[in-house]
$ cat work_13.txt   # compact mmCIF, C-alpha atoms (C1' of nucleotides)
# COMPACT_ATOMS: atom_id res chain seq x y z
CA MET X 260 28.07 -1.65 -32.13
CA PRO X 261 26.85 0.31 -35.12
CA SER X 262 23.85 1.99 -33.51
CA VAL X 263 25.85 4.06 -31.05
CA ASP X 264 28.09 5.70 -33.65
CA GLU X 265 25.16 5.86 -36.01
CA ARG X 266 23.15 7.94 -33.62
CA ALA X 267 26.15 10.05 -32.72
CA THR X 268 26.77 11.15 -36.31
CA GLN X 269 23.06 11.44 -36.99
CA GLN X 270 22.68 13.65 -33.93
CA ARG X 271 25.61 15.83 -34.91
CA LEU X 272 24.10 16.32 -38.37
CA ILE X 273 20.72 17.29 -36.94
CA ASP X 274 22.33 19.62 -34.41
CA ALA X 275 24.39 21.32 -37.11
CA ALA X 276 21.31 21.68 -39.32
CA ARG X 277 19.33 23.11 -36.43
CA ALA X 278 22.05 25.65 -35.71
CA LEU X 279 21.94 26.81 -39.33
CA VAL X 280 18.14 27.14 -39.28
CA GLU X 281 18.22 29.02 -35.99
CA ALA X 282 20.89 31.38 -37.26
CA ASP X 283 19.70 32.13 -40.80
CA GLY X 284 16.23 30.64 -41.17
CA VAL X 285 15.22 27.75 -43.39
CA GLU X 286 16.92 29.31 -46.41
CA GLY X 287 20.21 29.16 -44.51
CA LEU X 288 20.04 25.37 -44.39
CA SER X 289 22.20 23.70 -47.01
CA MET X 290 23.28 20.08 -47.22
CA ARG X 291 26.81 21.12 -48.07
CA LYS X 292 27.11 23.52 -45.14
CA VAL X 293 25.76 20.94 -42.68
CA ALA X 294 28.25 18.39 -43.97
CA ALA X 295 31.13 20.85 -43.77
CA ASP X 296 30.22 21.81 -40.19
CA VAL X 297 30.22 18.16 -39.13
CA GLY X 298 33.33 17.37 -41.15
CA VAL X 299 31.81 14.82 -43.46
CA ALA X 300 30.96 14.55 -47.16
CA PRO X 301 27.56 15.99 -48.15
CA THR X 302 26.50 12.58 -49.39
CA ALA X 303 26.87 11.10 -45.90
CA ILE X 304 23.69 12.96 -44.90
CA TYR X 305 21.75 10.87 -47.39
CA TRP X 306 22.95 7.73 -45.71
CA HIS X 307 22.17 8.85 -42.16
CA ILE X 308 19.00 10.86 -42.58
CA GLY X 309 17.87 11.29 -46.14
CA GLY X 310 17.35 14.32 -48.37
CA ARG X 311 16.92 17.94 -47.40
CA GLU X 312 13.27 17.54 -46.50
CA ALA X 313 13.92 14.57 -44.20
CA LEU X 314 16.60 16.66 -42.52
CA MET X 315 14.15 19.51 -42.02
CA HIS X 316 11.62 17.15 -40.45
CA ALA X 317 14.29 15.84 -38.08
CA VAL X 318 15.25 19.38 -37.07
CA LEU X 319 11.60 20.28 -36.48
CA ASP X 320 11.11 17.16 -34.34
CA ALA X 321 14.02 18.26 -32.16
CA MET X 322 12.64 21.79 -31.90
CA ILE X 323 9.16 20.58 -30.96
CA ALA X 324 10.64 18.52 -28.14
CA ASP X 325 12.14 21.71 -26.69
CA LEU X 326 9.03 23.83 -27.09
CA PRO X 327 7.84 25.45 -23.85
CA SER X 328 4.30 24.47 -22.96
CA LEU X 329 1.79 27.25 -22.65
CA ALA X 330 -0.66 27.65 -19.79
CA ALA X 331 -3.73 29.80 -19.33
CA ARG X 332 -3.64 32.44 -16.59
CA GLY X 333 -6.46 34.33 -14.93
CA SER X 334 -9.56 33.61 -12.91
CA THR X 335 -12.31 33.99 -15.53
CA PRO X 336 -12.62 32.07 -18.82
CA ARG X 337 -12.38 35.33 -20.71
CA THR X 338 -9.11 36.46 -19.14
CA ARG X 339 -7.78 32.92 -19.54
CA ILE X 340 -8.61 32.93 -23.25
CA ALA X 341 -6.95 36.33 -23.66
CA SER X 342 -3.89 35.04 -21.82
CA LEU X 343 -3.72 32.02 -24.13
CA ALA X 344 -3.85 34.30 -27.14
CA ALA X 345 -0.98 36.37 -25.75
CA ALA X 346 0.97 33.20 -24.87
CA MET X 347 0.57 31.85 -28.41
CA ARG X 348 1.94 35.06 -29.80
CA SER X 349 4.91 35.16 -27.39
CA GLN X 350 5.72 31.54 -28.14
CA VAL X 351 5.87 32.18 -31.88
CA LEU X 352 7.97 35.30 -31.38
CA ALA X 353 10.36 33.31 -29.18
CA THR X 354 10.53 30.21 -31.42
CA GLY X 355 10.27 31.71 -34.89
CA PRO X 356 12.45 29.19 -36.77
CA ALA X 357 10.39 26.24 -35.50
CA HIS X 358 7.23 27.83 -36.85
CA GLN X 359 8.88 28.76 -40.14
CA LEU X 360 9.98 25.15 -40.52
CA ALA X 361 6.53 23.86 -39.57
CA ALA X 362 4.87 26.15 -42.11
CA GLU X 363 7.25 25.03 -44.86
CA LEU X 364 6.66 21.36 -44.05
CA GLY X 365 2.90 21.70 -43.65
CA ARG X 366 3.10 20.74 -39.99
CA GLY X 367 1.63 23.92 -38.56
CA ALA X 368 -1.40 22.07 -37.19
CA GLU X 369 0.87 20.01 -34.95
CA LEU X 370 2.38 23.11 -33.36
CA SER X 371 -0.89 24.93 -32.80
CA PHE X 372 -2.76 21.90 -31.51
CA PRO X 373 -1.94 22.18 -27.79
CA ALA X 374 -3.08 25.80 -27.84
CA GLN X 375 -6.19 24.70 -29.69
CA VAL X 376 -7.10 22.17 -27.01
CA ALA X 377 -6.41 24.68 -24.23
CA LEU X 378 -8.60 27.23 -26.00
CA ALA X 379 -11.41 24.69 -26.43
CA ARG X 380 -11.37 23.95 -22.72
CA GLU X 381 -11.69 27.63 -21.79
CA VAL X 382 -14.39 28.28 -24.36
CA ALA X 383 -16.35 25.37 -22.90
CA ALA X 384 -15.79 26.78 -19.42
CA ALA X 385 -17.22 30.08 -20.68
CA GLY X 386 -20.49 28.27 -21.32
CA LEU X 387 -20.34 27.62 -25.04
CA SER X 388 -20.86 24.16 -26.52
CA GLY X 389 -21.16 22.34 -29.82
CA HIS X 390 -20.98 24.39 -33.00
CA ALA X 391 -20.97 27.75 -31.23
CA ALA X 392 -17.95 26.65 -29.18
CA ALA X 393 -16.12 25.29 -32.24
CA ASP X 394 -16.76 28.51 -34.17
CA ALA X 395 -15.41 30.56 -31.27
CA VAL X 396 -12.28 28.41 -30.93
CA ARG X 397 -11.54 28.55 -34.65
CA SER X 398 -12.26 32.25 -34.86
CA VAL X 399 -9.77 33.03 -32.08
CA LEU X 400 -7.21 30.65 -33.60
CA PHE X 401 -7.42 32.21 -37.04
CA VAL X 402 -7.28 35.74 -35.68
CA VAL X 403 -4.31 35.06 -33.42
CA GLY X 404 -2.45 32.97 -36.00
CA GLY X 405 -3.16 35.43 -38.77
CA PHE X 406 -2.09 38.39 -36.69
CA ILE X 407 1.23 36.72 -35.99
CA MET X 408 1.82 35.98 -39.67
CA ILE X 409 1.11 39.57 -40.69
CA GLU X 410 3.41 40.87 -37.98
CA ASP X 411 6.14 38.51 -39.15
CA ASN X 412 5.64 39.59 -42.72
CA TYR X 413 5.94 43.22 -41.73
CA ARG X 414 9.10 42.54 -39.73
CA HIS X 415 10.83 40.93 -42.71
CA ARG X 416 10.01 43.66 -45.18
CA GLN X 417 12.86 44.92 -47.32
CA PRO X 418 14.49 48.19 -46.30
CA GLY X 419 13.39 50.96 -48.63
CA SER X 420 9.95 49.52 -49.27
CA ARG X 421 6.99 51.76 -48.62
CA THR X 422 5.29 51.32 -45.30
CA THR X 423 1.61 51.85 -44.78
CA GLN X 424 2.32 54.97 -42.73
CA GLU X 425 4.33 56.56 -45.53
CA LEU X 426 1.55 55.93 -48.00
CA TRP X 427 -0.96 57.58 -45.67
CA GLN X 428 1.16 60.69 -45.40
CA ALA X 429 0.69 61.39 -49.09
CA VAL X 430 -3.00 60.68 -49.39
CA GLY X 431 -5.71 63.33 -49.61
CA GLU X 432 -8.99 61.50 -49.71
CA PRO X 433 -12.49 62.91 -49.34
CA GLY X 434 -14.58 61.34 -46.58
CA ILE X 435 -11.57 60.84 -44.33
CA ASP X 436 -11.01 63.49 -41.70
CA ASP X 437 -7.57 64.89 -40.88
CA ASP X 438 -7.50 63.28 -37.46
CA LEU X 439 -7.96 59.78 -38.88
CA ARG X 440 -5.49 60.39 -41.69
CA THR X 441 -2.71 61.63 -39.41
CA THR X 442 -3.31 58.72 -37.03
CA MET X 443 -3.04 56.24 -39.89
CA ALA X 444 0.23 57.93 -40.88
CA THR X 445 1.59 57.04 -37.45
CA PRO X 446 3.44 53.73 -36.81
CA THR X 447 1.26 50.92 -35.50
CA ASP X 448 1.80 49.63 -31.98
CA THR X 449 1.31 45.95 -32.77
CA ASN X 450 1.30 44.92 -29.11
CA ALA X 451 -1.60 47.24 -28.37
CA LEU X 452 -3.38 46.35 -31.62
CA PHE X 453 -3.13 42.65 -30.83
CA THR X 454 -4.69 43.08 -27.40
CA PHE X 455 -7.37 45.41 -28.79
CA THR X 456 -8.33 43.01 -31.59
CA VAL X 457 -8.54 39.95 -29.35
CA GLU X 458 -10.61 41.85 -26.77
CA ARG X 459 -13.05 43.15 -29.40
CA LEU X 460 -13.49 39.65 -30.79
CA LEU X 461 -14.12 38.24 -27.32
CA ASP X 462 -16.65 41.02 -26.64
CA SER X 463 -18.88 39.46 -29.24
CA LEU X 464 -17.97 35.77 -28.95
CA LEU X 465 -18.58 35.58 -25.20
CA ASP X 466 -21.65 37.88 -25.14
CA MET O 122 15.93 53.79 -82.77
CA PRO O 123 17.29 51.87 -79.83
CA SER O 124 14.46 52.50 -77.41
CA VAL O 125 11.84 50.66 -79.45
CA ASP O 126 13.75 47.38 -79.64
CA GLU O 127 14.98 47.91 -76.11
CA ARG O 128 11.47 48.04 -74.77
CA ALA O 129 10.36 45.16 -76.98
CA THR O 130 12.97 42.78 -75.56
CA GLN O 131 12.51 44.14 -72.06
CA GLN O 132 8.77 43.59 -72.34
CA ARG O 133 9.22 40.06 -73.63
CA LEU O 134 11.51 39.25 -70.70
CA ILE O 135 9.02 40.61 -68.18
CA ASP O 136 6.13 38.79 -69.86
CA ALA O 137 8.05 35.51 -69.81
CA ALA O 138 8.98 36.00 -66.16
CA ARG O 139 5.38 36.81 -65.30
CA ALA O 140 4.18 33.65 -67.05
CA LEU O 141 6.60 31.58 -64.98
CA VAL O 142 5.49 33.20 -61.72
CA GLU O 143 1.83 32.75 -62.60
CA ALA O 144 2.37 29.10 -63.48
CA ASP O 145 4.66 27.92 -60.68
CA GLY O 146 4.86 30.72 -58.12
CA VAL O 147 7.93 32.81 -57.27
CA GLU O 148 10.07 29.70 -56.85
CA GLY O 149 9.34 28.84 -60.48
CA LEU O 150 11.08 32.01 -61.66
CA SER O 151 14.63 31.41 -62.87
CA MET O 152 16.84 33.71 -64.90
CA ARG O 153 17.88 30.84 -67.12
CA LYS O 154 14.32 29.74 -67.86
CA VAL O 155 13.21 33.29 -68.66
CA ALA O 156 16.15 33.68 -71.02
CA ALA O 157 15.46 30.34 -72.70
CA ASP O 158 11.78 31.22 -73.19
CA VAL O 159 12.68 34.50 -74.86
CA GLY O 160 15.53 32.93 -76.85
CA VAL O 161 18.35 34.97 -75.40
CA ALA O 162 21.37 34.38 -73.17
CA PRO O 163 20.67 34.57 -69.40
CA THR O 164 23.13 37.43 -69.12
CA ALA O 165 21.03 39.59 -71.45
CA ILE O 166 18.51 40.01 -68.62
CA TYR O 167 21.16 41.81 -66.60
CA TRP O 168 21.60 44.30 -69.41
CA HIS O 169 17.89 44.96 -69.90
CA ILE O 170 16.47 44.77 -66.41
CA GLY O 171 18.98 43.81 -63.76
CA GLY O 172 19.21 40.89 -61.36
CA ARG O 173 16.54 38.51 -60.22
CA GLU O 174 15.10 40.94 -57.70
CA ALA O 175 14.79 43.76 -60.24
CA LEU O 176 12.99 41.32 -62.52
CA MET O 177 10.59 40.40 -59.72
CA HIS O 178 9.83 44.06 -59.09
CA ALA O 179 9.14 44.59 -62.80
CA VAL O 180 6.78 41.60 -62.86
CA LEU O 181 4.96 42.87 -59.77
CA ASP O 182 4.60 46.33 -61.33
CA ALA O 183 2.94 44.73 -64.35
CA MET O 184 0.65 42.66 -62.14
CA ILE O 185 -0.37 45.67 -60.05
CA ALA O 186 -1.35 47.55 -63.22
CA ASP O 187 -3.78 44.73 -64.06
CA LEU O 188 -5.24 44.42 -60.56
CA PRO O 189 -9.03 44.77 -60.43
CA SER O 190 -10.13 47.63 -58.20
CA LEU O 191 -12.38 46.76 -55.31
CA ALA O 192 -15.55 48.61 -54.40
CA ALA O 193 -17.74 48.56 -51.32
CA ARG O 194 -21.32 47.34 -51.73
CA GLY O 195 -24.33 47.75 -49.49
CA SER O 196 -26.39 50.54 -48.02
CA THR O 197 -25.06 50.70 -44.44
CA PRO O 198 -21.44 51.30 -43.38
CA ARG O 199 -21.42 47.93 -41.65
CA THR O 200 -22.50 45.93 -44.70
CA ARG O 201 -20.10 47.98 -46.82
CA ILE O 202 -17.20 47.14 -44.50
CA ALA O 203 -18.13 43.46 -44.57
CA SER O 204 -18.31 43.59 -48.37
CA LEU O 205 -14.83 45.16 -48.50
CA ALA O 206 -13.48 42.38 -46.31
CA ALA O 207 -14.98 39.77 -48.63
CA ALA O 208 -13.67 41.63 -51.69
CA MET O 209 -10.14 41.74 -50.25
CA ARG O 210 -10.25 38.01 -49.72
CA SER O 211 -11.60 37.27 -53.22
CA GLN O 212 -8.98 39.52 -54.76
CA VAL O 213 -6.14 37.71 -53.03
CA LEU O 214 -7.60 34.32 -53.96
CA ALA O 215 -7.86 35.46 -57.59
CA THR O 216 -4.43 37.11 -57.77
CA GLY O 217 -2.32 34.90 -55.54
CA PRO O 218 1.01 35.21 -57.37
CA ALA O 219 0.91 39.02 -57.19
CA HIS O 220 0.51 38.85 -53.44
CA GLN O 221 3.18 36.19 -53.07
CA LEU O 222 5.56 38.42 -55.02
CA ALA O 223 4.57 41.48 -52.98
CA ALA O 224 5.14 39.61 -49.72
CA GLU O 225 8.58 38.43 -50.88
CA LEU O 226 9.57 41.94 -51.96
CA GLY O 227 8.16 43.65 -48.89
CA ARG O 228 5.62 45.55 -50.98
CA GLY O 229 2.50 44.20 -49.31
CA ALA O 230 1.55 47.63 -48.01
CA GLU O 231 1.25 48.90 -51.57
CA LEU O 232 -1.25 46.20 -52.49
CA SER O 233 -3.41 46.56 -49.40
CA PHE O 234 -3.42 50.34 -49.40
CA PRO O 235 -6.47 50.96 -51.64
CA ALA O 236 -8.50 48.61 -49.45
CA GLN O 237 -7.15 50.40 -46.42
CA VAL O 238 -8.35 53.77 -47.68
CA ALA O 239 -11.75 52.36 -48.64
CA LEU O 240 -12.08 50.81 -45.18
CA ALA O 241 -11.12 54.07 -43.50
CA ARG O 242 -13.84 55.90 -45.42
CA GLU O 243 -16.52 53.42 -44.32
CA VAL O 244 -15.35 53.38 -40.72
CA ALA O 245 -15.59 57.17 -40.69
CA ALA O 246 -19.07 56.92 -42.23
CA ALA O 247 -19.99 54.56 -39.39
CA GLY O 248 -19.37 57.44 -36.99
CA LEU O 249 -15.89 56.63 -35.68
CA SER O 250 -13.07 59.17 -35.76
CA GLY O 251 -9.48 59.67 -34.67
CA HIS O 252 -7.81 56.88 -32.71
CA ALA O 253 -10.95 54.77 -32.39
CA ALA O 254 -11.38 54.84 -36.17
CA ALA O 255 -7.72 54.01 -36.82
CA ASP O 256 -7.86 51.10 -34.37
CA ALA O 257 -10.96 49.75 -36.08
CA VAL O 258 -9.43 50.05 -39.56
CA ARG O 259 -6.23 48.32 -38.50
CA SER O 260 -8.05 45.64 -36.59
CA VAL O 261 -10.16 44.71 -39.59
CA LEU O 262 -7.10 44.83 -41.87
CA PHE O 263 -5.05 42.54 -39.66
CA VAL O 264 -7.90 40.09 -39.20
CA VAL O 265 -8.74 39.92 -42.90
CA GLY O 266 -5.10 39.81 -44.03
CA GLY O 267 -4.19 37.26 -41.39
CA PHE O 268 -7.13 35.06 -42.21
CA ILE O 269 -6.10 34.99 -45.85
CA MET O 270 -2.51 34.06 -44.96
CA ILE O 271 -3.60 31.18 -42.74
CA GLU O 272 -5.95 29.90 -45.40
CA ASP O 273 -3.16 30.06 -47.95
CA ASN O 274 -0.83 28.26 -45.61
CA TYR O 275 -3.39 25.52 -45.09
CA ARG O 276 -3.95 25.15 -48.83
CA HIS O 277 -0.23 24.61 -49.47
CA ARG O 278 0.26 22.00 -46.80
CA GLN O 279 2.13 18.88 -47.82
CA PRO O 280 0.04 15.78 -48.53
CA GLY O 281 0.35 13.33 -45.68
CA SER O 282 0.77 15.97 -42.99
CA ARG O 283 -1.60 15.86 -40.04
CA THR O 284 -4.57 18.16 -40.26
CA THR O 285 -6.16 19.74 -37.23
CA GLN O 286 -9.24 17.56 -37.69
CA GLU O 287 -7.21 14.36 -37.59
CA LEU O 288 -5.50 15.42 -34.40
CA TRP O 289 -8.86 16.13 -32.78
CA GLN O 290 -10.13 12.67 -33.64
CA ALA O 291 -7.51 11.10 -31.40
CA VAL O 292 -7.78 13.43 -28.42
CA GLY O 293 -9.58 12.58 -25.18
CA GLU O 294 -9.37 15.64 -23.00
CA PRO O 295 -11.24 16.36 -19.77
CA GLY O 296 -13.27 19.57 -19.76
CA ILE O 297 -14.15 19.22 -23.43
CA ASP O 298 -17.53 17.67 -24.18
CA ASP O 299 -18.06 15.13 -26.94
CA ASP O 300 -20.12 17.50 -29.04
CA LEU O 301 -17.32 20.06 -29.19
CA ARG O 302 -14.67 17.43 -29.81
CA THR O 303 -16.51 15.81 -32.72
CA THR O 304 -17.21 19.23 -34.24
CA MET O 305 -13.53 20.15 -34.04
CA ALA O 306 -12.75 16.84 -35.77
CA THR O 307 -14.83 18.01 -38.70
CA PRO O 308 -13.30 19.96 -41.63
CA THR O 309 -13.52 23.74 -41.32
CA ASP O 310 -15.69 25.68 -43.76
CA THR O 311 -13.34 28.62 -44.23
CA ASN O 312 -15.87 30.66 -46.17
CA ALA O 313 -18.34 30.51 -43.31
CA LEU O 314 -15.62 31.00 -40.70
CA PHE O 315 -14.38 34.11 -42.48
CA THR O 316 -17.83 35.69 -42.55
CA PHE O 317 -18.46 34.69 -38.94
CA THR O 318 -15.18 36.15 -37.69
CA VAL O 319 -15.57 39.46 -39.52
CA GLU O 320 -19.17 39.80 -38.29
CA ARG O 321 -18.21 39.11 -34.68
CA LEU O 322 -15.40 41.66 -34.86
CA LEU O 323 -17.75 44.26 -36.33
CA ASP O 324 -20.31 43.51 -33.61
CA SER O 325 -17.91 45.00 -31.12
CA LEU O 326 -16.10 47.61 -33.23
CA LEU O 327 -19.29 49.31 -34.42
CA ASP O 328 -21.18 48.99 -31.13
C1' DA D 158 27.64 -0.55 -42.17
C1' DC D 159 29.44 3.75 -43.16
C1' DC D 160 31.40 7.03 -46.04
C1' DT D 161 33.83 9.26 -50.22
C1' DG D 162 34.43 11.11 -55.05
C1' DA D 163 32.83 11.91 -59.24
C1' DA D 164 29.21 13.29 -61.71
C1' DC D 165 24.69 15.41 -63.16
C1' DA D 166 21.51 18.94 -63.52
C1' DC D 167 20.51 22.86 -61.84
C1' DC D 168 21.07 27.99 -59.67
C1' DG D 169 22.44 33.64 -59.79
C1' DT D 170 25.92 36.69 -61.17
C1' DT D 171 30.22 39.03 -63.21
C1' DC D 172 32.89 40.43 -66.84
C1' DA D 173 35.64 40.54 -70.87
C1' DA D 174 34.77 40.12 -75.53
C1' DG D 175 32.30 40.58 -79.76
C1' DT D 176 29.36 43.30 -83.29
C1' DA S 89 23.82 49.80 -77.58
C1' DC S 90 22.99 45.14 -77.24
C1' DC S 91 24.24 40.58 -76.55
C1' DT S 92 27.21 36.20 -76.01
C1' DG S 93 30.48 32.81 -73.79
C1' DA S 94 33.19 31.57 -70.34
C1' DA S 95 33.74 31.42 -65.76
C1' DC S 96 32.81 31.45 -60.66
C1' DA S 97 30.60 30.09 -56.68
C1' DC S 98 27.00 27.99 -55.27
C1' DC S 99 22.80 24.35 -54.96
C1' DG S 100 20.40 19.05 -54.16
C1' DT S 101 20.87 14.43 -55.46
C1' DT S 102 22.42 9.75 -57.38
C1' DC S 103 25.41 6.10 -57.55
C1' DA S 104 29.38 3.34 -58.05
C1' DA S 105 33.31 2.56 -55.44
C1' DG S 106 36.01 1.99 -51.38
C1' DT S 107 36.92 0.10 -46.47
$ encode --input "work_13.txt" --output "structure tokens"
Amino acid sequence: MPSVDERATQQRLIDAARALVEADGVEGLSMRKVAADVGVAPTAIYWHIGGREALMHAVLDAMIADLPSLAARGSTPRTRIASLAAAMRSQVLATGPAHQLAAELGRGAELSFPAQVALAREVAAAGLSGHAAADAVRSVLFVVGGFIMIEDNYRHRQPGSRTTQELWQAVGEPGIDDDLRTTMATPTDTNALFTFTVERLLDSLLD
Amino acid sequence: MPSVDERATQQRLIDAARALVEADGVEGLSMRKVAADVGVAPTAIYWHIGGREALMHAVLDAMIADLPSLAARGSTPRTRIASLAAAMRSQVLATGPAHQLAAELGRGAELSFPAQVALAREVAAAGLSGHAAADAVRSVLFVVGGFIMIEDNYRHRQPGSRTTQELWQAVGEPGIDDDLRTTMATPTDTNALFTFTVERLLDSLLD
DNA sequence: ACCTGAACACCGTTCAAGT
DNA sequence: ACCTGAACACCGTTCAAGT
């Protein structure tokens, strides 16, 4: 009966690794910490799972299995596309470590694929087909995905580093009126900016 | 005459660190390698510059000083904004390590700020002002910056990992016609997609 | 089959000591 | 003022050895 105990220890190792990633991000995952948490020698991980990268893949597999599925809402294709964009963003915000892991392992395509298919369906329902439809799907995907990455980047900035607003407070440029300058010196509402950007893109993509 | 030698060694340490970052990215930077390259004990870096993070800041400062400035081209505000977007992307592609370092140190705002000011000027020239202008500037910034990050992410994906195209080849979804599916299974031309996305966004932002 | 211990080749950092 | 050497607390990984 080796396979029962085998899977038990293997599962405990993956669970411990997952807990570390969820608590401190990918950089918090260490072979030695995982081993210590399970009460085993670090080298036992190599027997059960493999190296650090194999462990990361196993953790990501477990996370993907628990990922909530996202559904479009709304009665028109346009509102449904906008709702998908918002759902993609919420999902990443709610499952950050899974996406960090996926990015590190080059498995981002896997995570975004369901959203991609859902988007394609709505874009087709909006009346686009062929190349025009593919361009629209990819455009929305890149904008939504990119927006999320920038937001994430901004969130993890070091304390003490200059923000864009602070830099705008000091600037005195010709050709830029006071109203614009003071607005740029104001913190960005990323929720509102996300909605605004997606809506403006859809204005043009869907005629 | 301490300050002359001081700066000489300090400069050599920063140059060596910069070379490592430019060759292998931030993860290629190690205190021990820098010290070995300069022919000094690792601990000497702590005397001259400080810890690893201080060294990274010093390298980034040097890189920023060498950054090419970007200028808008074209006769209409719209073409000038599009040219700025393209210039931002080329600059990041040409100076990747500087942006990687800036992202890690939370100094991304500093690097994007000149482009931000140039964009604001052109958006104002296009007739927008106040909140509408600020929204347009930020929207373009997030889209361009996000696009670049996604592209970069895609470029660094592990060999063997599933690409989006490969996943589309296997799918058989209702509501998605064959033409769209086969197009999605085709590799993305990111150059064309970038131009397309920026143009569609400007369609709506600039009326 | 399952796991340990010792070992190797790395890290960043501190600090007393030398000149 | 400038630098070294020893030391500490970490890494991931390999491999022979044990049961």
$ atom_distance --input "work_13.txt" --atom1 "atom CA of Arg291 of chain X" --atom2 "atom CA of Gly171 of chain O"
28.7 Å
$ residues_around --input "work_13.txt" --residues "DT170 of chain D" --least-positions-apart "4" --cutoff "9 Å" --atoms "all atoms listed in the file" --output "list in words"
Thr164, Tyr167 and Gly172 of chain O; DC96 of chain S
$ closest_residue --input "work_13.txt" --among "O:Ala219, O:Leu326, O:Ala306, O:Ala241" --to "Ala291 of chain O" --atoms "all atoms listed in the file"
O:Ala306
$ interface_residues --input "work_13.txt" --of "chain D" --to "chain X" --cutoff "12 Å" --atoms "all atoms listed in the file" --output "count of residues only"
6
$ atom_distance --input "work_13.txt" --atom1 "atom CA of Ala324 of chain X" --atom2 "atom CA of Ala383 of chain X"
28.3 Å
$ build_atoms --input "work_13.txt" --residues "segment 294-306 of chain X" --atoms "N, CA, C and O atoms" --output "compact mmCIF listing (two decimals), keeping the file's coordinate frame"
# COMPACT_ATOMS: atom_id res chain seq x y z
N ALA X 294 27.18 19.38 -43.86
CA ALA X 294 28.25 18.39 -43.97
C ALA X 294 29.59 18.99 -43.58
O ALA X 294 30.37 18.38 -42.82
N ALA X 295 29.86 20.19 -44.07
CA ALA X 295 31.13 20.85 -43.77
C ALA X 295 31.27 21.10 -42.27
O ALA X 295 32.33 20.90 -41.70
N ASP X 296 30.18 21.53 -41.64
CA ASP X 296 30.22 21.81 -40.19
C ASP X 296 30.50 20.55 -39.38
O ASP X 296 31.13 20.62 -38.32
N VAL X 297 30.02 19.41 -39.86
CA VAL X 297 30.22 18.16 -39.13
C VAL X 297 31.54 17.50 -39.53
O VAL X 297 32.07 16.66 -38.82
N GLY X 298 32.06 17.93 -40.68
CA GLY X 298 33.33 17.37 -41.15
C GLY X 298 33.16 16.06 -41.89
O GLY X 298 33.90 15.10 -41.70
N VAL X 299 32.17 16.04 -42.75
CA VAL X 299 31.81 14.82 -43.46
C VAL X 299 31.42 15.20 -44.88
O VAL X 299 31.16 16.37 -45.15
N ALA X 300 31.37 14.23 -45.79
CA ALA X 300 30.96 14.55 -47.16
C ALA X 300 29.45 14.78 -47.20
O ALA X 300 28.71 14.16 -46.43
N PRO X 301 28.98 15.69 -48.07
CA PRO X 301 27.56 15.99 -48.15
C PRO X 301 26.72 14.73 -48.35
O PRO X 301 25.61 14.63 -47.83
N THR X 302 27.26 13.79 -49.06
CA THR X 302 26.50 12.58 -49.39
C THR X 302 26.27 11.69 -48.17
O THR X 302 25.38 10.84 -48.19
N ALA X 303 27.05 11.90 -47.12
CA ALA X 303 26.87 11.10 -45.90
C ALA X 303 25.50 11.38 -45.26
O ALA X 303 24.91 10.50 -44.63
N ILE X 304 25.00 12.60 -45.45
CA ILE X 304 23.69 12.96 -44.90
C ILE X 304 22.61 12.04 -45.48
O ILE X 304 21.66 11.67 -44.78
N TYR X 305 22.76 11.70 -46.72
CA TYR X 305 21.75 10.87 -47.39
C TYR X 305 21.73 9.47 -46.80
O TYR X 305 20.70 8.82 -46.75
N TRP X 306 22.89 9.04 -46.37
CA TRP X 306 22.95 7.73 -45.71
C TRP X 306 22.29 7.79 -44.33
O TRP X 306 21.47 6.95 -43.98
